[in-house]
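Visitor: Before I ask anything, here is the structure I am working with.
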Amino acid sequence: MEFVYEYGLFVAKSLTWVLAIALLVALVAGLAARQKQAGEQLEVEDLGAGLRRQRQRLQLATAGSDAERKQLKQAFRQQAKADKKAGDERPRLYVLDFKGSMDAREVEGLSREITALLQLARPGDETLLRLESGGGLVHGYGLGAAELARLKARGIGLTVAVDKVAASGGYMMACVAERVIAAPFAIVGSIGVVAQLPNFNKYLKKKNIDIELHTAGEYKRTLTLFGENDEHGRAKFREELEVIHRRFKEFIAQNRPTLDVERVATGEHWLARDGHELGLVDELLTSSDFLLARSEDRRIIRLHYKPRPSLKDKLGKAAEAGVSRALMKLYEAGQRPFG
């Protein structure tokens, strides 16, 4: 009997927690539906100052004696006073980061960063974009490339650094730069277009399910998920892909006129070492080495657009933490011996 009692008590506690979690989730969903769009903020970070502080810490940590360490500290203080008095009038190198997803939704943040940069930039300033993307939707990455072109139109030098991958739409963005640098084993290229979709028509026919699709315009719909596709529609779909590919190649040729576009626009991708020989990459160099070298004659400023967390995000995190605690308590309750 005692076992049954304990088991019943455990079940009751479990149901209580499940109901509490369900109520919390419902509350989050209700509040999120009424939540207005949250504000956003632009973070500004002095990367050059961070590199300088790191160098000073290393020098102090590796000093051979207390006297040398004391001498270094005094020199650092004197340098800081001199810099504060004179100010830092060196040209600026603005650093942006873009890690693109399939739908290129990150372009919105990039656009805001570039708008802020254009408000700050002075003659002689430059930009480094640390780019990582395997490509995605044509219109999304096309917009990303157009945003980068705004910098060139204003005479602001642009270097794109590829430490891991810039393929397809990612390379479309990269080629806008006057200079493309890449780590030796980064992936570049993939100048091609691909599209695929499943078709459930045969399955639906087996289940005696009819699908009706009505259009106005011969090519309003070429291929469908549920209807029966024909060669006429397939031919038009392939034609559309060829048009996009042709425009893609024209864009690459416009931005990198010395590149043999027909040689590299096969959809293939290459390691940057081979891409360098083909002309896809200008120099084999990581973004870290580039920044370290430029920190001597440039003030390095990183701009990063970061949306402020909305009420939905905050409640979502609270709900996640609540669920984790509830599951942990359930687990602990289940581990207690009966009787």
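Chain lettering (A, B, ...) mirrors the order of the structure tokens, residue numbering begins at 1 for each chain separately, and ligand numbering begins at 1 in order of display.
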Could you give me, as JSON lines, every stretch 75-153 of chain A residue with an atom at most 9 Å from stretch 297-303 of chain A, plus its closest atom pair and distance in Å to one decimal, counting only C-alpha atoms, rows ordered by chain then number?
Guide:
{"residue": "A:Asp88", "atom": "CA", "partner": "A:Arg299", "partner_atom": "CA", "distance": 7.6}
{"residue": "A:Glu89", "atom": "CA", "partner": "A:Arg299", "partner_atom": "CA", "distance": 8.3}
{"residue": "A:Arg90", "atom": "CA", "partner": "A:Arg298", "partner_atom": "CA", "distance": 5.6}
{"residue": "A:Pro91", "atom": "CA", "partner": "A:Arg298", "partner_atom": "CA", "distance": 5.4}
{"residue": "A:Arg92", "atom": "CA", "partner": "A:Arg299", "partner_atom": "CA", "distance": 4.6}
{"residue": "A:Leu93", "atom": "CA", "partner": "A:Ile300", "partner_atom": "CA", "distance": 4.8}
{"residue": "A:Tyr94", "atom": "CA", "partner": "A:Ile301", "partner_atom": "CA", "distance": 4.9}
{"residue": "A:Val95", "atom": "CA", "partner": "A:Arg302", "partner_atom": "CA", "distance": 4.4}
{"residue": "A:Leu96", "atom": "CA", "partner": "A:Leu303", "partner_atom": "CA", "distance": 5.8}
{"residue": "A:Asp97", "atom": "CA", "partner": "A:Leu303", "partner_atom": "CA", "distance": 8.3}
{"residue": "A:Glu113", "atom": "CA", "partner": "A:Leu303", "partner_atom": "CA", "distance": 6.3}
{"residue": "A:Ile114", "atom": "CA", "partner": "A:Leu303", "partner_atom": "CA", "distance": 8.8}
{"residue": "A:Ala116", "atom": "CA", "partner": "A:Leu303", "partner_atom": "CA", "distance": 8.4}
{"residue": "A:Leu117", "atom": "CA", "partner": "A:Leu303", "partner_atom": "CA", "distance": 7.9}
{"residue": "A:Asp125", "atom": "CA", "partner": "A:Arg298", "partner_atom": "CA", "distance": 8.7}
Visitor: Can you write out the residues you just picked, keeping all heavy atoms, as a short mmCIF file (atom, residue, chain, number, x, y, z; two decimals), in the first residue's frame?
Guide:
data_model
loop_
_atom_site.label_atom_id
_atom_site.label_comp_id
_atom_site.auth_asym_id
_atom_site.auth_seq_id
_atom_site.Cartn_x
_atom_site.Cartn_y
_atom_site.Cartn_z
N ASP A 88 43.71 60.24 -30.68
CA ASP A 88 44.06 59.24 -31.69
C ASP A 88 43.45 59.67 -33.03
O ASP A 88 42.28 59.47 -33.30
CB ASP A 88 43.52 57.87 -31.28
CG ASP A 88 44.12 56.75 -32.12
OD1 ASP A 88 44.66 57.04 -33.20
OD2 ASP A 88 44.05 55.58 -31.70
N GLU A 89 44.26 60.27 -33.88
CA GLU A 89 43.80 60.79 -35.15
C GLU A 89 44.11 59.84 -36.31
O GLU A 89 44.00 60.22 -37.48
CB GLU A 89 44.44 62.16 -35.42
CG GLU A 89 44.04 63.23 -34.42
CD GLU A 89 42.54 63.47 -34.40
OE1 GLU A 89 41.92 63.41 -35.48
OE2 GLU A 89 42.00 63.71 -33.31
N ARG A 90 44.54 58.63 -35.99
CA ARG A 90 44.84 57.69 -37.06
C ARG A 90 43.57 57.34 -37.84
O ARG A 90 42.46 57.37 -37.29
CB ARG A 90 45.42 56.39 -36.48
CG ARG A 90 46.78 56.54 -35.84
CD ARG A 90 47.23 55.21 -35.23
NE ARG A 90 46.30 54.77 -34.20
CZ ARG A 90 46.34 53.56 -33.61
NH1 ARG A 90 47.25 52.68 -34.00
NH2 ARG A 90 45.47 53.24 -32.67
N PRO A 91 43.70 57.00 -39.12
CA PRO A 91 42.53 56.53 -39.88
C PRO A 91 41.93 55.31 -39.19
O PRO A 91 42.62 54.55 -38.52
CB PRO A 91 43.12 56.18 -41.26
CG PRO A 91 44.40 56.94 -41.34
CD PRO A 91 44.93 57.03 -39.94
N ARG A 92 40.66 55.12 -39.41
CA ARG A 92 39.96 54.02 -38.73
C ARG A 92 39.74 52.84 -39.67
O ARG A 92 39.51 53.00 -40.86
CB ARG A 92 38.60 54.50 -38.22
CG ARG A 92 38.71 55.62 -37.19
CD ARG A 92 37.35 56.19 -36.87
NE ARG A 92 37.43 57.29 -35.91
CZ ARG A 92 36.39 58.03 -35.53
NH1 ARG A 92 35.19 57.79 -36.06
NH2 ARG A 92 36.55 58.98 -34.65
N LEU A 93 39.82 51.67 -39.08
CA LEU A 93 39.45 50.45 -39.77
C LEU A 93 38.21 49.91 -39.06
O LEU A 93 38.29 49.49 -37.90
CB LEU A 93 40.57 49.41 -39.72
CG LEU A 93 40.21 48.01 -40.24
CD1 LEU A 93 39.89 48.05 -41.74
CD2 LEU A 93 41.34 47.02 -39.96
N TYR A 94 37.08 49.97 -39.73
CA TYR A 94 35.83 49.48 -39.14
C TYR A 94 35.70 47.98 -39.43
O TYR A 94 35.93 47.53 -40.55
CB TYR A 94 34.64 50.22 -39.71
CG TYR A 94 34.58 51.67 -39.29
CD1 TYR A 94 35.03 52.68 -40.15
CD2 TYR A 94 34.11 52.03 -38.03
CE1 TYR A 94 34.99 54.01 -39.76
CE2 TYR A 94 34.08 53.36 -37.64
CZ TYR A 94 34.52 54.34 -38.50
OH TYR A 94 34.49 55.65 -38.11
N VAL A 95 35.33 47.24 -38.41
CA VAL A 95 35.20 45.78 -38.54
C VAL A 95 33.73 45.40 -38.40
O VAL A 95 33.07 45.77 -37.42
CB VAL A 95 36.03 45.06 -37.47
CG1 VAL A 95 35.87 43.54 -37.60
CG2 VAL A 95 37.50 45.44 -37.60
N LEU A 96 33.23 44.68 -39.40
CA LEU A 96 31.87 44.16 -39.38
C LEU A 96 31.94 42.63 -39.47
O LEU A 96 32.88 42.08 -40.03
CB LEU A 96 31.05 44.69 -40.55
CG LEU A 96 31.04 46.21 -40.78
CD1 LEU A 96 30.21 46.55 -42.01
CD2 LEU A 96 30.51 46.94 -39.56
N ASP A 97 30.94 41.97 -38.91
CA ASP A 97 30.86 40.51 -38.97
C ASP A 97 29.55 40.09 -39.62
O ASP A 97 28.49 40.63 -39.29
CB ASP A 97 30.95 39.90 -37.56
CG ASP A 97 32.33 40.07 -36.95
OD1 ASP A 97 33.25 39.39 -37.41
OD2 ASP A 97 32.48 40.89 -36.02
N GLU A 113 24.42 48.38 -39.68
CA GLU A 113 25.82 48.63 -39.36
C GLU A 113 26.46 49.52 -40.42
O GLU A 113 27.21 50.45 -40.10
CB GLU A 113 26.57 47.30 -39.25
CG GLU A 113 26.16 46.47 -38.04
CD GLU A 113 26.60 45.02 -38.15
OE1 GLU A 113 27.28 44.68 -39.14
OE2 GLU A 113 26.27 44.23 -37.25
N ILE A 114 26.17 49.24 -41.68
CA ILE A 114 26.75 50.03 -42.77
C ILE A 114 26.21 51.46 -42.75
O ILE A 114 26.95 52.42 -42.99
CB ILE A 114 26.48 49.35 -44.12
CG1 ILE A 114 27.31 48.06 -44.23
CG2 ILE A 114 26.80 50.27 -45.29
CD1 ILE A 114 27.03 47.24 -45.46
N ALA A 116 25.30 53.11 -40.10
CA ALA A 116 26.02 53.78 -39.02
C ALA A 116 27.45 54.11 -39.42
O ALA A 116 27.96 55.20 -39.15
CB ALA A 116 26.02 52.89 -37.77
N LEU A 117 28.09 53.18 -40.11
CA LEU A 117 29.47 53.39 -40.55
C LEU A 117 29.56 54.58 -41.50
O LEU A 117 30.48 55.40 -41.39
CB LEU A 117 29.96 52.11 -41.24
CG LEU A 117 31.45 51.91 -41.53
CD1 LEU A 117 31.74 50.44 -41.76
CD2 LEU A 117 31.91 52.72 -42.73
N ASP A 125 39.35 56.19 -44.22
CA ASP A 125 38.91 55.06 -43.41
C ASP A 125 38.65 53.84 -44.29
O ASP A 125 38.37 53.96 -45.49
CB ASP A 125 37.63 55.42 -42.65
CG ASP A 125 37.88 56.39 -41.51
OD1 ASP A 125 39.06 56.62 -41.18
OD2 ASP A 125 36.90 56.92 -40.96
#
Visitor: In stretch 124-217 of chain A, what's helix (DSSP H, G or I) per DSSP? Answer as a list in words?
Guide: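 Going through stretch 124-217 of chain A, the helix (DSSP H, G or I) residues come out as Val138, His139, Gly140, Tyr141, Gly142, Leu143, Gly144, Ala145, Ala146, Glu147, Leu148, Ala149, Arg150, Leu151, Lys152, Ala153, Gly169, Gly170, Tyr171, Met172, Met173, Ala174, Asn201, Lys202, Tyr203, Leu204, Lys205 and Lys206 of chain A.
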Visitor: Please provide as a ChimeraX atom specification all residues within 9 Å of stretch 193-204 of chain A, with the sequence filter that same-chain residues fewer than 3 positions apart are discarded (counting only C-alpha atoms).
Guide: /A:138,168,190,207-211,223-229,241-242,244-245,248,267
Visitor: Return the single residue from A:Glu240, A:Asp163, A:Asp260, A:Asp46 that is closest to A:Leu280, with distances computed using only C-alpha atoms.
Guide: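 Answer, going by the shortest atom-to-atom distance: A:Asp260.
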Visitor: Select from stretch 61-297 of chain A everything DSSP, run on the backbone, classes as strand (DSSP E or B), then give the selection as a PDB file with C-alpha atoms, in the first residue's frame.
Guide:
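Wrote part_0.pdb, looks like this:
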ATOM      1  CA  ARG A  92      39.960  54.016 -38.734  1.00  0.00           C
ATOM      2  CA  LEU A  93      39.446  50.447 -39.773  1.00  0.00           C
ATOM      3  CA  TYR A  94      35.835  49.478 -39.139  1.00  0.00           C
ATOM      4  CA  VAL A  95      35.197  45.785 -38.539  1.00  0.00           C
ATOM      5  CA  LEU A  96      31.868  44.158 -39.377  1.00  0.00           C
ATOM      6  CA  ASP A  97      30.856  40.507 -38.966  1.00  0.00           C
ATOM      7  CA  PHE A  98      28.435  38.605 -41.157  1.00  0.00           C
ATOM      8  CA  LYS A  99      27.527  34.977 -40.513  1.00  0.00           C
ATOM      9  CA  GLU A 126      38.539  51.409 -44.400  1.00  0.00           C
ATOM     10  CA  THR A 127      36.267  48.462 -43.613  1.00  0.00           C
ATOM     11  CA  LEU A 128      36.945  44.797 -42.921  1.00  0.00           C
ATOM     12  CA  LEU A 129      34.040  42.378 -43.246  1.00  0.00           C
ATOM     13  CA  ARG A 130      34.604  38.994 -41.607  1.00  0.00           C
ATOM     14  CA  LEU A 131      32.272  36.879 -43.700  1.00  0.00           C
ATOM     15  CA  GLU A 132      31.074  33.314 -43.174  1.00  0.00           C
ATOM     16  CA  SER A 133      28.313  31.836 -45.329  1.00  0.00           C
ATOM     17  CA  GLY A 157      37.903  50.711 -48.959  1.00  0.00           C
ATOM     18  CA  LEU A 158      36.464  47.251 -48.318  1.00  0.00           C
ATOM     19  CA  THR A 159      38.338  44.045 -47.532  1.00  0.00           C
ATOM     20  CA  VAL A 160      36.464  40.776 -47.030  1.00  0.00           C
ATOM     21  CA  ALA A 161      38.087  38.094 -44.867  1.00  0.00           C
ATOM     22  CA  VAL A 162      36.984  34.485 -45.275  1.00  0.00           C
ATOM     23  CA  VAL A 165      33.542  29.604 -46.023  1.00  0.00           C
ATOM     24  CA  ALA A 166      32.192  32.065 -48.587  1.00  0.00           C
ATOM     25  CA  ALA A 167      30.334  30.008 -51.160  1.00  0.00           C
ATOM     26  CA  ARG A 179      40.393  42.726 -51.746  1.00  0.00           C
ATOM     27  CA  VAL A 180      39.444  39.193 -50.659  1.00  0.00           C
ATOM     28  CA  ILE A 181      41.672  37.451 -48.129  1.00  0.00           C
ATOM     29  CA  ALA A 182      41.115  33.906 -46.902  1.00  0.00           C
ATOM     30  CA  ILE A 187      36.048  27.205 -48.921  1.00  0.00           C
ATOM     31  CA  VAL A 188      35.270  29.652 -51.731  1.00  0.00           C
ATOM     32  CA  GLY A 189      33.419  29.615 -55.027  1.00  0.00           C
ATOM     33  CA  HIS A 269      33.940  25.119 -54.787  1.00  0.00           C
ATOM     34  CA  TRP A 270      37.626  25.214 -53.927  1.00  0.00           C
ATOM     35  CA  LEU A 271      39.918  25.503 -50.960  1.00  0.00           C
ATOM     36  CA  GLU A 283      45.797  36.775 -50.557  1.00  0.00           C
ATOM     37  CA  LEU A 284      46.030  33.820 -48.169  1.00  0.00           C
TER      38      LEU A 284
END
